[in-house]
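Asker: Starting off with a structure, shown below.
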Amino acid sequence: MDQPVRSAWRLTRLAAGCLALASAAAIGAGLPDPMRPPPALTAADGAASVSGLPVLQSVMLSPSRKVAIISGQTVALGEHYQGARLVRISEGEAVLRNGSEVQVLKLFPDLEKQPLSGRTSGKVSRHSQAQK
C-alpha cells in the first residue's frame with residue numbers, strides 16, 4: 001500500500017471510531033444512573049426539604065467513631081445539627097437533644113417489627129422433630 005491509501009484508511013478508521021463513541025454517548029444519555037439514591041432520600045428533592053424535618057439517611061458505627069448522616073450532613077456523636085446535639089446513635093436510629101426536647105430519627109421510619117405468628121422462639125423442640 002502506498003502512503004495516500006494508508007492515510008485514507010487511517011482517516012476512515014478514525015471517523016468510524018468517533019462516530020461509534022458519539023452514538024454510544026447519545027444512547028446512554030437518556031438512561032438513569034442506577035447508583036443514584038431514590039429522590040426521597042436526597043435533601044434537595046426529598047422529605048427533608050418538604051417538611052423541614054431532619055431525615056436520618058445513614059449510620060456508620062465503629063469502635064472508635066460513631067457518625068450519622070442527617071439530611072446530607074455528616075454529624076459525629078456529640079456534635080450539633082441545627083442547634084441540637086447528637087446524643088445517641090445505634091444501627092437503626094439517631095437521637096437529637098435540644099434542651100429538654102428529644103427527637104428520635106429512625107433509619108427506616110416505615111418499618112415496624114412484628115413477632116412471627118405461631119412461634120415463640122427460634123428453637124425447635126424435640127416433640128416437633130419427632131412428628132416430622
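To be explicit about the labels: the chains of the C-alpha cells are called A, B, and onward in the order shown, and within each one the residues are counted from 1, while ligands get numbers from 1 in the order they are shown.
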Any idea what's packed within 8 Å of Gly92 in chain A, counting only C-alpha atoms, ignoring anything in its chain fewer than 6 positions away? Could you give it as a PDB file with N, CA, C and O atoms, in the first residue's frame?

Answerer:
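Saved file part24.pdb follows:
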ATOM      1  N   VAL A  59     -26.017   5.534  58.948  1.00  0.00           N
ATOM      2  CA  VAL A  59     -25.348   5.445  60.235  1.00  0.00           C
ATOM      3  C   VAL A  59     -24.052   4.666  60.019  1.00  0.00           C
ATOM      4  O   VAL A  59     -24.054   3.629  59.360  1.00  0.00           O
ATOM      5  N   LYS A 106     -35.374   7.785  62.882  1.00  0.00           N
ATOM      6  CA  LYS A 106     -35.286   6.370  62.525  1.00  0.00           C
ATOM      7  C   LYS A 106     -34.696   6.239  61.129  1.00  0.00           C
ATOM      8  O   LYS A 106     -35.044   6.992  60.223  1.00  0.00           O
ATOM      9  N   LEU A 107     -33.818   5.247  60.956  1.00  0.00           N
ATOM     10  CA  LEU A 107     -33.234   4.997  59.648  1.00  0.00           C
ATOM     11  C   LEU A 107     -34.283   4.457  58.693  1.00  0.00           C
ATOM     12  O   LEU A 107     -34.316   4.828  57.524  1.00  0.00           O
ATOM     13  N   PHE A 108     -35.172   3.612  59.188  1.00  0.00           N
ATOM     14  CA  PHE A 108     -36.279   3.068  58.396  1.00  0.00           C
ATOM     15  C   PHE A 108     -37.578   3.391  59.128  1.00  0.00           C
ATOM     16  O   PHE A 108     -38.141   2.540  59.813  1.00  0.00           O
TER      17      PHE A 108
END

Asker: Taking 4 positions as the minimum chain separation for residues in the same chain, which residues sit within 12 Å of Ser90 in chain A when counting only C-alpha atoms? Answer as a list in words.

Answerer: Leu56, Ser58, Val59, Met60, Leu61, Ser62, Arg65, Lys66, Val67, Ala68, Leu77, Leu86, Ala94, Val95, Val104, Leu105, Lys106 and Leu107 of chain A

Asker: Convert the current residue selection to file output with C-alpha atoms, as a PDB file, in the first residue's frame.

Answerer:
ATOM      1  CA  LEU A  56     -31.615  10.100  59.037  1.00  0.00           C
ATOM      2  CA  SER A  58     -27.144   6.605  57.110  1.00  0.00           C
ATOM      3  CA  VAL A  59     -25.348   5.445  60.235  1.00  0.00           C
ATOM      4  CA  MET A  60     -21.674   4.493  60.466  1.00  0.00           C
ATOM      5  CA  LEU A  61     -20.537   2.738  63.634  1.00  0.00           C
ATOM      6  CA  SER A  62     -17.028   1.631  64.563  1.00  0.00           C
ATOM      7  CA  ARG A  65     -16.200   6.597  65.878  1.00  0.00           C
ATOM      8  CA  LYS A  66     -19.980   6.944  65.573  1.00  0.00           C
ATOM      9  CA  VAL A  67     -21.377   9.107  62.773  1.00  0.00           C
ATOM     10  CA  ALA A  68     -24.847   9.794  61.367  1.00  0.00           C
ATOM     11  CA  LEU A  77     -21.690  11.708  68.190  1.00  0.00           C
ATOM     12  CA  LEU A  86     -26.468  14.217  68.659  1.00  0.00           C
ATOM     13  CA  ALA A  94     -30.077   8.627  65.995  1.00  0.00           C
ATOM     14  CA  VAL A  95     -31.226  10.796  68.894  1.00  0.00           C
ATOM     15  CA  VAL A 104     -35.565  10.287  67.606  1.00  0.00           C
ATOM     16  CA  LEU A 105     -34.679   9.855  63.932  1.00  0.00           C
ATOM     17  CA  LYS A 106     -35.286   6.370  62.525  1.00  0.00           C
ATOM     18  CA  LEU A 107     -33.234   4.997  59.648  1.00  0.00           C
TER      19      LEU A 107
END
